[in-house]
Each structure stands twice: as C-alpha cells, then as structure tokens.
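Q: Below: one structure in structure tokens.
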Amino acid sequence: MEELIQLGFFAGLLMLGYFWGSVNERRHYHSIRRREKKYQSVPAVSFKSVPANIEVKTSKLVIGSTVISIDYFKRFMAVLYNLVGGRLKPYESLLDRARREAILRMKQSSPKAQLIINVRVETASISKSSRKGTVGSIEVLAYGTAINYK
Amino acid sequence: MLLSNTETIPGKEIREFYGLVAGSTVRAKHIGRDFMAGLKNIIGGELTGYSELLQDSRQEAMNRMEEQAKKVGANAIVNIRFSTSSIAQGAAELYCYGTAVKVE
C-alpha cells in the first residue's frame, strides 16, 4: 500500500510538471517573441568597440539576468535521455529561454539606447538537487555597454 | 562614475590608470524563498525570488567596486567583468572587477 502511495505521488508530480511546465514554456516563448519584436530596433552586438563612423554621446553599463528552473517532468525525461545519449532537448529549450530572457532584460533596462556593444552572456548553474550531475536551475547574466549616438 | 565593459569609455579618452578594483559579496538564500523555489522546481519557470536576490547582490558588489574606485580618485571603470560561483550549498558569491581610470 505504501509503495502504491509513493508511486501515485511520483506520477502526480510528473503530471503536474508536464502540464504546468508546457503551459509555462509556451507562455514564456510567446512573451519572449513579442518583446523581441518590440526591441528589434536596438541591436545587441559582440563588437569590442564602436564602429568607426559612429560618434558617441553617452555610454552606460547595462545588465540583465534571470534564474529559470526546469520542471519535474523534463528533469525525469533528461534522466531517461542519459541512458541512450543524444540531444537533451528539455535542457536546450531551458537554456534558450533563459538566454533570450536575459538579453531582453538587458535591453529593457535601457530602453532609449541605440546600440549595445560588447555583449557577454554568462551561465551559472544553481544546483538545488543533491543528486549528482542534475541541474535544478540556471542563472543567465547578460551585460554590455549601451550607446547613444550624437 | 562612468561604467563600461569595453576597453575604453566610448567617446572619451583615458588619461590615467589606477589599477584593478573589485567588489564581491557572498549571499545565502533564506528559507521562505527556498521553499517557494522548491515548489517552482516541480512546475518549472522563473524563480523570481532568486532572480531578485542575485540582482540585489550584484548591485551591492558593484557599489563596493565603485566605492573603491572613488577612493583612489578615478572617475570611470572600464573592462568590467562579472563572475558567479557557488561556494557552498545554498550560498553564492558574486564578484565583479574592472580597471579604474580617469577619462576626459
């Protein structure tokens, strides 16, 4: 009986993770795409300096960061993927979302900028679970220098 | 104080170098946030509590760096870099460093 309850609990967590996780992800992607369109006019580039023909009026450091967690179902799927190897699709979408969100927040923090140069993106895993090798959540930090032309 | 992660402040010229300045802070998460994060770990999505915590801590590290630069008489910091490392279960160190300079 006790095992049955445990199994039921596990299945419940999986279901919850699957439904909420996919709804969350769809919603997040929708909002990312909408905001990316809005900030299309502010290019974020990884050039180390300003292109030579541009005269700079002001410059400022801009930062954007986010912490995103993977859901229970995907974490379970990742364990299964580990047996057969290959692409870990659940984690790919997690990292993609986090990076795009961080870059968007960087742009949002300085909406009047015309160009952001020297953009760096850094990822740190904030491991929560004690199981070795599994990542609970990741932090992505994006930073660059926002430029306004003369 | 002008801040930039490029090697110069765009549109200005560096007159003097004062050397490396750095700021760091070690933060632990508190139990309420940890509990919410545990729930969020099931359904996925952004951990708002952690996001804010890290943003605040990073701001503090930057403030410390700026104070250090002011002390040596600089008016700008160039080539700023950030790094995050988890040093213990539940604690993270946020570190930032750059070169203090005088620009005109």
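If you're wondering about the labels, chains in the structure tokens are A, B, ... by order shown, residues count from 1 in each chain, ligands from 1 in order shown.
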Out of range 29-86 of chain A, which residues get strand (DSSP E) from DSSP, as a VMD selection string?

A: chain A and resid 56 to 69

Q: Per residue of chain B within 7 Å of chain A, which atom pair is closest and at what distance in Å (one decimal), using only C-alpha atoms, listed by chain and increasing number, as JSON lines?

A:
{"residue": "B:Leu2", "atom": "CA", "partner": "A:Lys60", "partner_atom": "CA", "distance": 6.9}
{"residue": "B:Leu3", "atom": "CA", "partner": "A:Leu61", "partner_atom": "CA", "distance": 5.5}
{"residue": "B:Ser4", "atom": "CA", "partner": "A:Leu61", "partner_atom": "CA", "distance": 5.0}
{"residue": "B:Asn5", "atom": "CA", "partner": "A:Thr145", "partner_atom": "CA", "distance": 6.1}
{"residue": "B:Thr6", "atom": "CA", "partner": "A:Lys48", "partner_atom": "CA", "distance": 6.2}
{"residue": "B:Pro10", "atom": "CA", "partner": "A:Val56", "partner_atom": "CA", "distance": 6.4}
{"residue": "B:Gly11", "atom": "CA", "partner": "A:Val56", "partner_atom": "CA", "distance": 5.1}
{"residue": "B:Asn41", "atom": "CA", "partner": "A:Asp71", "partner_atom": "CA", "distance": 5.6}
{"residue": "B:Ile42", "atom": "CA", "partner": "A:Tyr72", "partner_atom": "CA", "distance": 4.6}
{"residue": "B:Ile43", "atom": "CA", "partner": "A:Gly17", "partner_atom": "CA", "distance": 4.6}
{"residue": "B:Gly44", "atom": "CA", "partner": "A:Asp71", "partner_atom": "CA", "distance": 3.8}
{"residue": "B:Gly45", "atom": "CA", "partner": "A:Ser69", "partner_atom": "CA", "distance": 5.3}
{"residue": "B:Glu46", "atom": "CA", "partner": "A:Ile68", "partner_atom": "CA", "distance": 4.2}
{"residue": "B:Leu47", "atom": "CA", "partner": "A:Val67", "partner_atom": "CA", "distance": 5.6}
{"residue": "B:Tyr50", "atom": "CA", "partner": "A:Val67", "partner_atom": "CA", "distance": 6.5}
{"residue": "B:Ser51", "atom": "CA", "partner": "A:Val67", "partner_atom": "CA", "distance": 5.2}
{"residue": "B:Thr84", "atom": "CA", "partner": "A:Ala124", "partner_atom": "CA", "distance": 6.7}

Q: Name all residues at most 9 Å from Lys112 in chain A (count only C-alpha atoms; drop same-chain ones fewer than 3 positions away) and give them as a list of chain:residue names.

A: A:Val42, A:Gln108, A:Asn148

Q: Excluding Ala88 in chain B and its own-chain neighbours fewer than 4 positions away, which residues fall within 10 Å of it when counting only C-alpha atoms? Please give them as a list in words.

A: Ala28, Ala92 and Glu93 of chain B

Q: CA of Glu101 in chain A and CA of Arg33 in chain A are how many Å apart?

A: 10.0 Å

Q: Enter the distance from CA of Ser110 in chain A to CA of Tyr39 in chain A, in Å, rounded to one decimal.

A: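 According to the coordinates, CA of Ser110 in chain A and CA of Tyr39 in chain A are separated by 10.7 Å.
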
Q: For the helix (DSSP H, G or I) assignment from backbone DSSP, which residues of chain A qualify? Please present them as a PyMOL selection string.

A: chain A and resi 2-38+72-84+89-108

Q: Excluding His30 in chain B and its own-chain neighbours fewer than 3 positions away, which residues fall within 12 Å of it when counting only C-alpha atoms? Please give them as a compact mmCIF listing (two decimals) with all heavy atoms, in the first residue's frame.

A:
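Once written, part.txt looks like this:
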# COMPACT_ATOMS: atom_id res chain seq x y z
N ARG B 27 26.19 35.63 -0.66
CA ARG B 27 24.81 35.68 -0.18
C ARG B 27 24.25 34.27 0.00
O ARG B 27 24.53 33.39 -0.80
CB ARG B 27 23.92 36.42 -1.19
CG ARG B 27 24.12 37.91 -1.23
CD ARG B 27 23.62 38.55 0.05
NE ARG B 27 23.78 39.98 -0.01
CZ ARG B 27 22.83 40.82 -0.37
NH1 ARG B 27 21.66 40.37 -0.74
NH2 ARG B 27 23.06 42.11 -0.40
N ARG B 33 12.18 31.76 0.63
CA ARG B 33 12.45 31.74 -0.80
C ARG B 33 12.78 30.34 -1.26
O ARG B 33 12.40 29.91 -2.34
CB ARG B 33 13.62 32.67 -1.11
CG ARG B 33 13.15 34.08 -1.33
CD ARG B 33 14.33 34.99 -1.55
NE ARG B 33 13.87 36.31 -1.90
CZ ARG B 33 14.59 37.40 -1.75
NH1 ARG B 33 15.80 37.32 -1.24
NH2 ARG B 33 14.13 38.57 -2.10
N ASP B 34 13.52 29.62 -0.41
CA ASP B 34 13.92 28.27 -0.76
C ASP B 34 12.70 27.37 -0.90
O ASP B 34 12.65 26.53 -1.79
CB ASP B 34 14.86 27.73 0.32
CG ASP B 34 15.94 26.87 -0.27
OD1 ASP B 34 16.25 27.09 -1.46
OD2 ASP B 34 16.46 26.01 0.43
N PHE B 35 11.73 27.58 -0.04
CA PHE B 35 10.52 26.77 -0.08
C PHE B 35 9.76 27.03 -1.39
O PHE B 35 9.35 26.11 -2.08
CB PHE B 35 9.64 27.10 1.12
CG PHE B 35 8.36 26.34 1.16
CD1 PHE B 35 8.36 24.97 1.38
CD2 PHE B 35 7.16 26.99 0.95
CE1 PHE B 35 7.17 24.25 1.39
CE2 PHE B 35 5.96 26.28 0.96
CZ PHE B 35 5.98 24.91 1.19
N MET B 36 9.61 28.31 -1.74
CA MET B 36 8.92 28.65 -2.98
C MET B 36 9.66 28.10 -4.18
O MET B 36 9.07 27.61 -5.14
CB MET B 36 8.81 30.18 -3.12
CG MET B 36 7.77 30.81 -2.22
SD MET B 36 6.16 30.04 -2.37
CE MET B 36 5.69 30.60 -4.00
N ALA B 37 11.00 28.17 -4.10
CA ALA B 37 11.80 27.66 -5.22
C ALA B 37 11.61 26.15 -5.35
O ALA B 37 11.59 25.62 -6.45
CB ALA B 37 13.26 27.99 -5.01
N GLY B 49 12.23 34.92 -6.80
CA GLY B 49 12.95 35.22 -5.56
C GLY B 49 14.44 35.19 -5.76
O GLY B 49 15.16 36.10 -5.35
N TYR B 50 14.92 34.16 -6.42
CA TYR B 50 16.35 34.04 -6.68
C TYR B 50 16.84 35.12 -7.63
O TYR B 50 17.93 35.66 -7.45
CB TYR B 50 16.68 32.68 -7.28
CG TYR B 50 16.69 31.55 -6.29
CD1 TYR B 50 16.41 31.76 -4.96
CD2 TYR B 50 16.98 30.25 -6.70
CE1 TYR B 50 16.41 30.73 -4.07
CE2 TYR B 50 16.99 29.21 -5.82
CZ TYR B 50 16.70 29.45 -4.49
OH TYR B 50 16.70 28.42 -3.61
N LEU B 53 17.21 38.25 -5.66
CA LEU B 53 18.32 38.11 -4.72
C LEU B 53 19.65 38.32 -5.44
O LEU B 53 20.52 39.08 -4.98
CB LEU B 53 18.28 36.71 -4.11
CG LEU B 53 19.39 36.38 -3.12
CD1 LEU B 53 19.13 37.05 -1.80
CD2 LEU B 53 19.51 34.89 -2.92
N GLY B 90 23.67 26.30 -1.18
CA GLY B 90 22.75 27.38 -0.83
C GLY B 90 23.38 28.76 -0.72
O GLY B 90 22.73 29.70 -0.33
N ALA B 91 24.66 28.90 -1.04
CA ALA B 91 25.27 30.22 -1.00
C ALA B 91 26.02 30.48 -2.30
O ALA B 91 26.57 29.57 -2.90
CB ALA B 91 26.23 30.33 0.17

Q: Please compute the CA of Glu16 in chain B-CA of Val101 in chain B distance, one decimal, in Å.

A: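 About the pair CA of Glu16 in chain B and CA of Val101 in chain B: they are 5.6 Å apart.
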
Q: If we count only C-alpha atoms, what is near Thr25 in chain B at a cut-off of 10 Å, once residues fewer than 2 positions away on the same chain are taken out, given as an NGL selection string?

A: :B and (23 or 27 or 57-62 or 64 or 92-96)

Q: Got time to write the residues from that selection, all heavy atoms, as a tab-separated table (two decimals), in the first residue's frame?

A:
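Listed below is the output, again13.tsv:
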chain	number	residue	atom	x	y	z
B	23	GLY	N	34.81	44.18	-6.37
B	23	GLY	CA	33.82	44.13	-5.30
B	23	GLY	C	33.21	42.75	-5.29
B	23	GLY	O	33.02	42.15	-6.34
B	27	ARG	N	26.19	35.63	-0.66
B	27	ARG	CA	24.81	35.68	-0.18
B	27	ARG	C	24.25	34.27	0.00
B	27	ARG	O	24.53	33.39	-0.80
B	27	ARG	CB	23.92	36.42	-1.19
B	27	ARG	CG	24.12	37.91	-1.23
B	27	ARG	CD	23.62	38.55	0.05
B	27	ARG	NE	23.78	39.98	-0.01
B	27	ARG	CZ	22.83	40.82	-0.37
B	27	ARG	NH1	21.66	40.37	-0.74
B	27	ARG	NH2	23.06	42.11	-0.40
B	57	SER	N	22.31	41.43	-4.98
B	57	SER	CA	23.69	41.15	-4.56
B	57	SER	C	24.69	41.68	-5.56
B	57	SER	O	25.74	42.21	-5.19
B	57	SER	CB	23.90	39.65	-4.40
B	57	SER	OG	22.79	39.05	-3.86
B	58	ARG	N	24.33	41.54	-6.84
B	58	ARG	CA	25.26	42.02	-7.87
B	58	ARG	C	25.39	43.53	-7.79
B	58	ARG	O	26.48	44.08	-7.95
B	58	ARG	CB	24.75	41.57	-9.24
B	58	ARG	CG	25.78	41.72	-10.31
B	58	ARG	CD	25.42	40.95	-11.56
B	58	ARG	NE	25.61	39.53	-11.41
B	58	ARG	CZ	24.68	38.61	-11.60
B	58	ARG	NH1	23.46	38.98	-11.93
B	58	ARG	NH2	24.95	37.35	-11.46
B	59	GLN	N	24.27	44.19	-7.51
B	59	GLN	CA	24.30	45.64	-7.36
B	59	GLN	C	25.21	46.04	-6.20
B	59	GLN	O	25.98	46.99	-6.29
B	59	GLN	CB	22.87	46.17	-7.13
B	59	GLN	CG	22.73	47.66	-7.26
B	59	GLN	CD	23.17	48.16	-8.62
B	59	GLN	OE1	22.75	47.64	-9.64
B	59	GLN	NE2	24.05	49.14	-8.65
B	60	GLU	N	25.14	45.26	-5.12
B	60	GLU	CA	25.97	45.57	-3.96
B	60	GLU	C	27.45	45.38	-4.29
B	60	GLU	O	28.29	46.21	-3.92
B	60	GLU	CB	25.58	44.69	-2.79
B	60	GLU	CG	26.16	45.20	-1.50
B	60	GLU	CD	25.81	44.32	-0.33
B	60	GLU	OE1	24.68	43.84	-0.27
B	60	GLU	OE2	26.69	44.12	0.52
B	61	ALA	N	27.76	44.32	-5.00
B	61	ALA	CA	29.16	44.09	-5.40
B	61	ALA	C	29.66	45.26	-6.25
B	61	ALA	O	30.78	45.74	-6.09
B	61	ALA	CB	29.28	42.78	-6.17
B	62	MET	N	28.77	45.75	-7.14
B	62	MET	CA	29.16	46.88	-8.00
B	62	MET	C	29.35	48.14	-7.18
B	62	MET	O	30.27	48.92	-7.45
B	62	MET	CB	28.10	47.10	-9.07
B	62	MET	CG	28.27	46.17	-10.25
B	62	MET	SD	26.92	46.34	-11.39
B	62	MET	CE	27.24	47.94	-12.07
B	64	ARG	N	30.36	48.34	-4.12
B	64	ARG	CA	31.65	48.23	-3.44
B	64	ARG	C	32.80	48.54	-4.38
B	64	ARG	O	33.78	49.19	-4.00
B	64	ARG	CB	31.82	46.82	-2.88
B	64	ARG	CG	30.94	46.62	-1.67
B	64	ARG	CD	31.13	45.26	-1.07
B	64	ARG	NE	30.17	45.07	-0.01
B	64	ARG	CZ	29.96	43.94	0.62
B	64	ARG	NH1	30.66	42.87	0.29
B	64	ARG	NH2	29.08	43.85	1.58
B	92	ALA	N	26.01	31.73	-2.73
B	92	ALA	CA	26.69	32.07	-3.97
B	92	ALA	C	27.54	33.30	-3.77
B	92	ALA	O	27.19	34.19	-2.99
B	92	ALA	CB	25.67	32.32	-5.08
B	93	GLU	N	28.67	33.36	-4.44
B	93	GLU	CA	29.49	34.55	-4.41
B	93	GLU	C	29.34	35.28	-5.73
B	93	GLU	O	29.42	34.68	-6.80
B	93	GLU	CB	30.96	34.22	-4.20
B	93	GLU	CG	31.76	35.48	-3.88
B	93	GLU	CD	33.19	35.45	-4.36
B	93	GLU	OE1	33.52	34.61	-5.21
B	93	GLU	OE2	33.97	36.30	-3.90
B	94	LEU	N	29.08	36.58	-5.64
B	94	LEU	CA	29.00	37.40	-6.83
B	94	LEU	C	30.18	38.34	-6.81
B	94	LEU	O	30.41	39.03	-5.82
B	94	LEU	CB	27.69	38.17	-6.84
B	94	LEU	CG	26.53	37.20	-6.92
B	94	LEU	CD1	25.36	37.69	-6.16
B	94	LEU	CD2	26.20	36.93	-8.35
B	95	TYR	N	30.91	38.35	-7.90
B	95	TYR	CA	32.17	39.06	-7.93
B	95	TYR	C	32.21	39.91	-9.19
B	95	TYR	O	31.79	39.45	-10.25
B	95	TYR	CB	33.30	38.03	-7.94
B	95	TYR	CG	34.70	38.60	-7.94
B	95	TYR	CD1	35.10	39.46	-6.93
B	95	TYR	CD2	35.60	38.28	-8.95
B	95	TYR	CE1	36.37	39.97	-6.94
B	95	TYR	CE2	36.88	38.79	-8.96
B	95	TYR	CZ	37.27	39.64	-7.94
B	95	TYR	OH	38.52	40.16	-7.94
B	96	CYS	N	32.66	41.15	-9.07
B	96	CYS	CA	32.87	41.93	-10.29
B	96	CYS	C	34.16	42.72	-10.16
B	96	CYS	O	34.57	43.08	-9.05
B	96	CYS	CB	31.68	42.83	-10.59
B	96	CYS	SG	31.41	44.12	-9.42

Q: Need to verify the contact set: Ala76 in chain B, 9 Å, only C-alpha atoms, exclusion of same-chain residues closer than 2 positions in sequence. Can you return it as a ChimeraX atom specification?

A: /B:1-4,9,66,69-70,74,78,99-103

Q: Compare A:Ser46, A:Phe76, A:Arg99, A:Lys38 by their minimum atom-to-atom distance to Ala11 in chain A, counting only C-alpha atoms, and give me the closest one.

A: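 Ranked by minimum distance to Ala11 in chain A, first place goes to A:Phe76.
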